[in-house]
Amino acid sequence: MFKIIKDKGLKLKLLKYYVANEWFPHMEAEIYFEEGVSFKRKVVTDLDTVALIPSNFGELSFLIGDCKTLKNQSPITRSLWLSGLMGLLNAEKGIVLLTKEIERDHKQLSSNMNVNLLSEKDFEILSNKTSPNYKLVNSALCDGDIWDKYFDLHKRYPNLEKAIKFVKNEFWNISDDKLKLRKTLYKIREIRRELNPDNSEHVALLIDLISLFSIALNRVTLDIFNQYLLPETKENLSRELKIWLWGGMDQYLYWNKLYQIASNKGNDDEIELPEWEVFVQLIRQFLEEPYSTSRVPLLLRELAFETMATDKSTYELSRQLANKYSQSGKFAIMIASYVCKAALLPKDFDLIIGEKLMKLQSV
């Protein structure tokens with residue numbers, strides 16, 4: 001159902017380029033029209049590849065990569081299509097990778113739309129000139145067999161199918177980072193009884209869901225930092241976070257009132273994320289070095305894929321990232337610990353993931 005088939009070789013080339021540049025990669029996301037009237041959501045298009053690129057200001061910018069082997073496809077048509085998709089999804093950059101040669105006028109017009117239009121030959125030159133690690137990177141995320149194995153997990157564990165669909169598709173359809181944060185945590189809580197800490201594939205899925213949570217958490221941290229730098233007190237931060245996470249004061253008051261009515265706990269109880277005090281403390285610590293949160297998602301996703309691999313000793317990227325960005329490694333441990341606690345997971349998961357991350361920094 002989820003296996004990567006079309007244009008796989010081209011997609012893996014782009015993925016390798018992303019990973020070599022230390023960008024967070026994803027592949028094969030279906031895009032829906034979220035405001036559609038159909039009871040069953042219809043796929044309107046799909047993203048061949050995606051990259052989230054850390055900036056000097058700690059933000060994660062969105063890049064879409066499109067791959068086609070069709071010989072009769074007009075190059076500029078692909079660029080025009082991708083430009084429209086970039087506008088829909090607020091992507092800042094696009095890459096179209098084709099097997100055929102491309103006229104220069106097509107390339108220039110594409111460049112004007114922030115799209116790199118490349119043949120395979122062009123791409124080899126680009127990757128060698130702009131990514132010194134392209135031929136050296138040793139990453140589980142560059143292994144197509146692991147992606148196939150991951151997207152096929154639902155066949156072995158049918159009760160995890162919704163979570164895998166969320167990773168593959170749904171997360172990338174949510175434009176609001178606050179909603180991404182809440183939904184990702186909810187998805188983890190939803191499958192908590194299906195996860196076994198003795199099963200490495202279950203551990204890998206959990207780590208990858210935590211990597212998605214960390215993407216949304218990066219945006220939370222930066223928005224709070226850009227508004228307040230360092231809030232005066234923990235109480236002030238707690239109040240502002242609640243309001244921000246539910247979309248502003250009006251939305252917060254609305255959802256809080258519904259929560260009070262539904263929970264029968266009265267006006268003294270407020271809507272908040274599980275383990276709220278731990279979450280507030282987490283954000284306080286991130287505010288000491290907020291830009292380091294942008295390096296956490298790739299570290300966690302690479303660790304997830306290495307955990308999924310048959311030969312886990314083959315890959316080196318997670319260790320390289322953990323040592324190069326030591327603060328991000330510490331943040332990853334803290335995020336995983338919070339998620340495990342907030343999602344009511346067995347303590348073994350926190351211990352296993354924490355140990356894996358600490359081992360990466362031990363050499």
# chains A, B, ... in the order shown; residues from 1 in each chain; ligands from 1
call {"tool": "closest_atom_pairs", "arguments": {"of": "range 232-279 of chain A", "to": "range 332-355 of chain A", "cutoff": "9 Å", "atoms": "only C-alpha atoms", "output": "tab-separated table"}}
result
residue	atom	partner	partner_atom	distance
A:Leu273	CA	A:Ala342	CA	8.0
A:Pro274	CA	A:Ala342	CA	5.2
A:Glu275	CA	A:Ala342	CA	5.5
A:Trp276	CA	A:Ala342	CA	8.6
A:Val278	CA	A:Tyr338	CA	6.9
A:Phe279	CA	A:Tyr338	CA	7.0
call {"tool": "residues_around", "arguments": {"residues": "range 165-181 of chain A", "least_positions_apart": "6", "cutoff": "6 Å", "atoms": "only C-alpha atoms", "output": "PyMOL selection string"}}
result
chain A and resi 29-30+213+216+245
call {"tool": "write_last_selection", "arguments": {"atoms": "N, CA, C and O atoms", "output": "PDB file, in the first residue's frame"}}
result
ATOM      1  N   ALA A  29       4.725  11.788   0.309  1.00  0.00           N
ATOM      2  CA  ALA A  29       3.608  12.299   1.111  1.00  0.00           C
ATOM      3  C   ALA A  29       2.431  12.650   0.200  1.00  0.00           C
ATOM      4  O   ALA A  29       2.587  13.394  -0.771  1.00  0.00           O
ATOM      5  N   GLU A  30       1.264  12.103   0.509  1.00  0.00           N
ATOM      6  CA  GLU A  30       0.053  12.440  -0.243  1.00  0.00           C
ATOM      7  C   GLU A  30      -0.554  13.716   0.334  1.00  0.00           C
ATOM      8  O   GLU A  30      -0.593  13.908   1.547  1.00  0.00           O
ATOM      9  N   PHE A 213       7.329  15.398  16.265  1.00  0.00           N
ATOM     10  CA  PHE A 213       6.966  16.276  17.390  1.00  0.00           C
ATOM     11  C   PHE A 213       8.013  17.371  17.563  1.00  0.00           C
ATOM     12  O   PHE A 213       7.679  18.537  17.819  1.00  0.00           O
ATOM     13  N   ALA A 216       7.580  20.435  15.180  1.00  0.00           N
ATOM     14  CA  ALA A 216       6.601  21.415  15.664  1.00  0.00           C
ATOM     15  C   ALA A 216       7.130  22.153  16.892  1.00  0.00           C
ATOM     16  O   ALA A 216       6.896  23.359  17.060  1.00  0.00           O
ATOM     17  N   LEU A 245      -0.528  28.016  22.177  1.00  0.00           N
ATOM     18  CA  LEU A 245      -0.742  26.670  21.638  1.00  0.00           C
ATOM     19  C   LEU A 245      -2.164  26.442  21.141  1.00  0.00           C
ATOM     20  O   LEU A 245      -2.398  25.563  20.317  1.00  0.00           O
TER      21      LEU A 245
END
call {"tool": "select_by_dssp", "arguments": {"residues": "range 60-298 of chain A", "states": "strand (DSSP E or B)", "output": "NGL selection string"}}
result
:A and (60-68 or 93-98 or 115-119)
call {"tool": "write_last_selection", "arguments": {"atoms": "N, CA, C and O atoms", "output": "PDB file, in the first residue's frame"}}
result
ATOM      1  N   LEU A  60      13.175  26.135  10.226  1.00  0.00           N
ATOM      2  CA  LEU A  60      13.214  25.019   9.277  1.00  0.00           C
ATOM      3  C   LEU A  60      12.443  25.422   8.020  1.00  0.00           C
ATOM      4  O   LEU A  60      11.213  25.491   8.037  1.00  0.00           O
ATOM      5  N   SER A  61      13.162  25.738   6.958  1.00  0.00           N
ATOM      6  CA  SER A  61      12.495  26.143   5.718  1.00  0.00           C
ATOM      7  C   SER A  61      12.134  24.905   4.905  1.00  0.00           C
ATOM      8  O   SER A  61      12.810  23.871   4.960  1.00  0.00           O
ATOM      9  N   PHE A  62      11.081  25.027   4.119  1.00  0.00           N
ATOM     10  CA  PHE A  62      10.443  23.894   3.444  1.00  0.00           C
ATOM     11  C   PHE A  62      10.871  23.847   1.981  1.00  0.00           C
ATOM     12  O   PHE A  62      10.721  24.831   1.249  1.00  0.00           O
ATOM     13  N   LEU A  63      11.402  22.703   1.549  1.00  0.00           N
ATOM     14  CA  LEU A  63      11.776  22.473   0.158  1.00  0.00           C
ATOM     15  C   LEU A  63      11.016  21.260  -0.355  1.00  0.00           C
ATOM     16  O   LEU A  63      10.878  20.264   0.352  1.00  0.00           O
ATOM     17  N   ILE A  64      10.539  21.337  -1.604  1.00  0.00           N
ATOM     18  CA  ILE A  64       9.853  20.213  -2.245  1.00  0.00           C
ATOM     19  C   ILE A  64      10.683  19.749  -3.433  1.00  0.00           C
ATOM     20  O   ILE A  64      11.123  20.564  -4.254  1.00  0.00           O
ATOM     21  N   GLY A  65      10.901  18.439  -3.530  1.00  0.00           N
ATOM     22  CA  GLY A  65      11.616  17.874  -4.662  1.00  0.00           C
ATOM     23  C   GLY A  65      10.697  16.987  -5.499  1.00  0.00           C
ATOM     24  O   GLY A  65      10.001  16.122  -4.961  1.00  0.00           O
ATOM     25  N   ASP A  66      10.696  17.204  -6.807  1.00  0.00           N
ATOM     26  CA  ASP A  66       9.844  16.452  -7.734  1.00  0.00           C
ATOM     27  C   ASP A  66      10.730  15.656  -8.685  1.00  0.00           C
ATOM     28  O   ASP A  66      11.721  16.180  -9.203  1.00  0.00           O
ATOM     29  N   CYS A  67      10.397  14.402  -8.927  1.00  0.00           N
ATOM     30  CA  CYS A  67      11.207  13.517  -9.775  1.00  0.00           C
ATOM     31  C   CYS A  67      10.345  12.890 -10.858  1.00  0.00           C
ATOM     32  O   CYS A  67       9.266  12.382 -10.561  1.00  0.00           O
ATOM     33  N   LYS A  68      10.840  12.907 -12.095  1.00  0.00           N
ATOM     34  CA  LYS A  68      10.076  12.291 -13.178  1.00  0.00           C
ATOM     35  C   LYS A  68      11.005  11.653 -14.205  1.00  0.00           C
ATOM     36  O   LYS A  68      12.014  12.239 -14.601  1.00  0.00           O
ATOM     37  N   LYS A  93      11.505  26.740  -1.603  1.00  0.00           N
ATOM     38  CA  LYS A  93      12.386  26.312  -2.685  1.00  0.00           C
ATOM     39  C   LYS A  93      11.876  25.004  -3.265  1.00  0.00           C
ATOM     40  O   LYS A  93      11.248  24.198  -2.571  1.00  0.00           O
ATOM     41  N   GLY A  94      12.162  24.789  -4.566  1.00  0.00           N
ATOM     42  CA  GLY A  94      11.783  23.542  -5.213  1.00  0.00           C
ATOM     43  C   GLY A  94      12.888  23.011  -6.102  1.00  0.00           C
ATOM     44  O   GLY A  94      13.715  23.788  -6.609  1.00  0.00           O
ATOM     45  N   ILE A  95      12.914  21.701  -6.274  1.00  0.00           N
ATOM     46  CA  ILE A  95      13.841  21.047  -7.193  1.00  0.00           C
ATOM     47  C   ILE A  95      13.037  20.092  -8.073  1.00  0.00           C
ATOM     48  O   ILE A  95      12.239  19.304  -7.561  1.00  0.00           O
ATOM     49  N   VAL A  96      13.227  20.189  -9.381  1.00  0.00           N
ATOM     50  CA  VAL A  96      12.654  19.226 -10.318  1.00  0.00           C
ATOM     51  C   VAL A  96      13.819  18.454 -10.927  1.00  0.00           C
ATOM     52  O   VAL A  96      14.717  19.045 -11.534  1.00  0.00           O
ATOM     53  N   LEU A  97      13.810  17.131 -10.758  1.00  0.00           N
ATOM     54  CA  LEU A  97      14.878  16.275 -11.276  1.00  0.00           C
ATOM     55  C   LEU A  97      14.301  15.369 -12.356  1.00  0.00           C
ATOM     56  O   LEU A  97      13.388  14.583 -12.100  1.00  0.00           O
ATOM     57  N   LEU A  98      14.840  15.492 -13.575  1.00  0.00           N
ATOM     58  CA  LEU A  98      14.358  14.730 -14.722  1.00  0.00           C
ATOM     59  C   LEU A  98      15.494  13.904 -15.317  1.00  0.00           C
ATOM     60  O   LEU A  98      16.670  14.202 -15.112  1.00  0.00           O
ATOM     61  N   VAL A 115      12.724  27.535  -8.455  1.00  0.00           N
ATOM     62  CA  VAL A 115      12.766  26.101  -8.750  1.00  0.00           C
ATOM     63  C   VAL A 115      14.051  25.788  -9.497  1.00  0.00           C
ATOM     64  O   VAL A 115      14.352  26.429 -10.511  1.00  0.00           O
ATOM     65  N   ASN A 116      14.810  24.829  -8.997  1.00  0.00           N
ATOM     66  CA  ASN A 116      15.970  24.309  -9.721  1.00  0.00           C
ATOM     67  C   ASN A 116      15.506  23.191 -10.643  1.00  0.00           C
ATOM     68  O   ASN A 116      15.052  22.153 -10.165  1.00  0.00           O
ATOM     69  N   LEU A 117      15.618  23.401 -11.955  1.00  0.00           N
ATOM     70  CA  LEU A 117      15.201  22.422 -12.956  1.00  0.00           C
ATOM     71  C   LEU A 117      16.449  21.715 -13.463  1.00  0.00           C
ATOM     72  O   LEU A 117      17.309  22.339 -14.101  1.00  0.00           O
ATOM     73  N   LEU A 118      16.563  20.417 -13.179  1.00  0.00           N
ATOM     74  CA  LEU A 118      17.818  19.709 -13.398  1.00  0.00           C
ATOM     75  C   LEU A 118      17.626  18.382 -14.120  1.00  0.00           C
ATOM     76  O   LEU A 118      16.672  17.648 -13.842  1.00  0.00           O
ATOM     77  N   SER A 119      18.559  18.078 -15.014  1.00  0.00           N
ATOM     78  CA  SER A 119      18.668  16.716 -15.548  1.00  0.00           C
ATOM     79  C   SER A 119      19.528  15.919 -14.559  1.00  0.00           C
ATOM     80  O   SER A 119      20.145  16.484 -13.655  1.00  0.00           O
TER      81      SER A 119
END
call {"tool": "closest_residue", "arguments": {"among": "A:Leu321, A:Val44, A:Met308, A:Leu109", "to": "Asp152 in chain A", "atoms": "only C-alpha atoms"}}
result
A:Met308
call {"tool": "closest_residue", "arguments": {"among": "A:Lys71, A:Lys324, A:Arg319, A:His154", "to": "Ser362 in chain A", "atoms": "only C-alpha atoms"}}
result
A:Arg319
call {"tool": "closest_residue", "arguments": {"among": "A:Ser111, A:Ser83, A:Gln227, A:Ser200", "to": "Lys312 in chain A", "atoms": "only C-alpha atoms"}}
result
A:Ser200
call {"tool": "atom_distance", "arguments": {"atom1": "CA of Asp7 in chain A", "atom2": "CA of Thr69 in chain A"}}
result
6.4 Å
call {"tool": "select_by_dssp", "arguments": {"residues": "range 229-314 of chain A", "states": "helix (DSSP H, G or I)", "output": "PyMOL selection string"}}
result
chain A and resi 234-245+249-263+276-286+290-308
call {"tool": "closest_residue", "arguments": {"among": "A:Lys121, A:Lys135, A:Arg192, A:Lys234", "to": "Lys16 in chain A", "atoms": "only C-alpha atoms"}}
result
A:Lys135
call {"tool": "residues_around", "arguments": {"residues": "Arg301 in chain A", "least_positions_apart": "6", "cutoff": "7 Å", "atoms": "only C-alpha atoms", "output": "list in words"}}
result
Ile207, Asp208 and Ser211 of chain A
call {"tool": "closest_residue", "arguments": {"among": "A:Asn90, A:Gln327, A:Ser127, A:Ser74", "to": "Ile102 in chain A", "atoms": "only C-alpha atoms"}}
result
A:Ser74
call {"tool": "residues_around", "arguments": {"residues": "Thr221 in chain A", "least_positions_apart": "5", "cutoff": "9 Å", "atoms": "only C-alpha atoms", "output": "number ranges by chain"}}
result
A: 216, 226, 283-284, 286-287, 290-291, 293
call {"tool": "closest_residue", "arguments": {"among": "A:Trp255, A:Leu88, A:Leu206, A:Glu235", "to": "Tyr150 in chain A", "atoms": "only C-alpha atoms"}}
result
A:Leu206
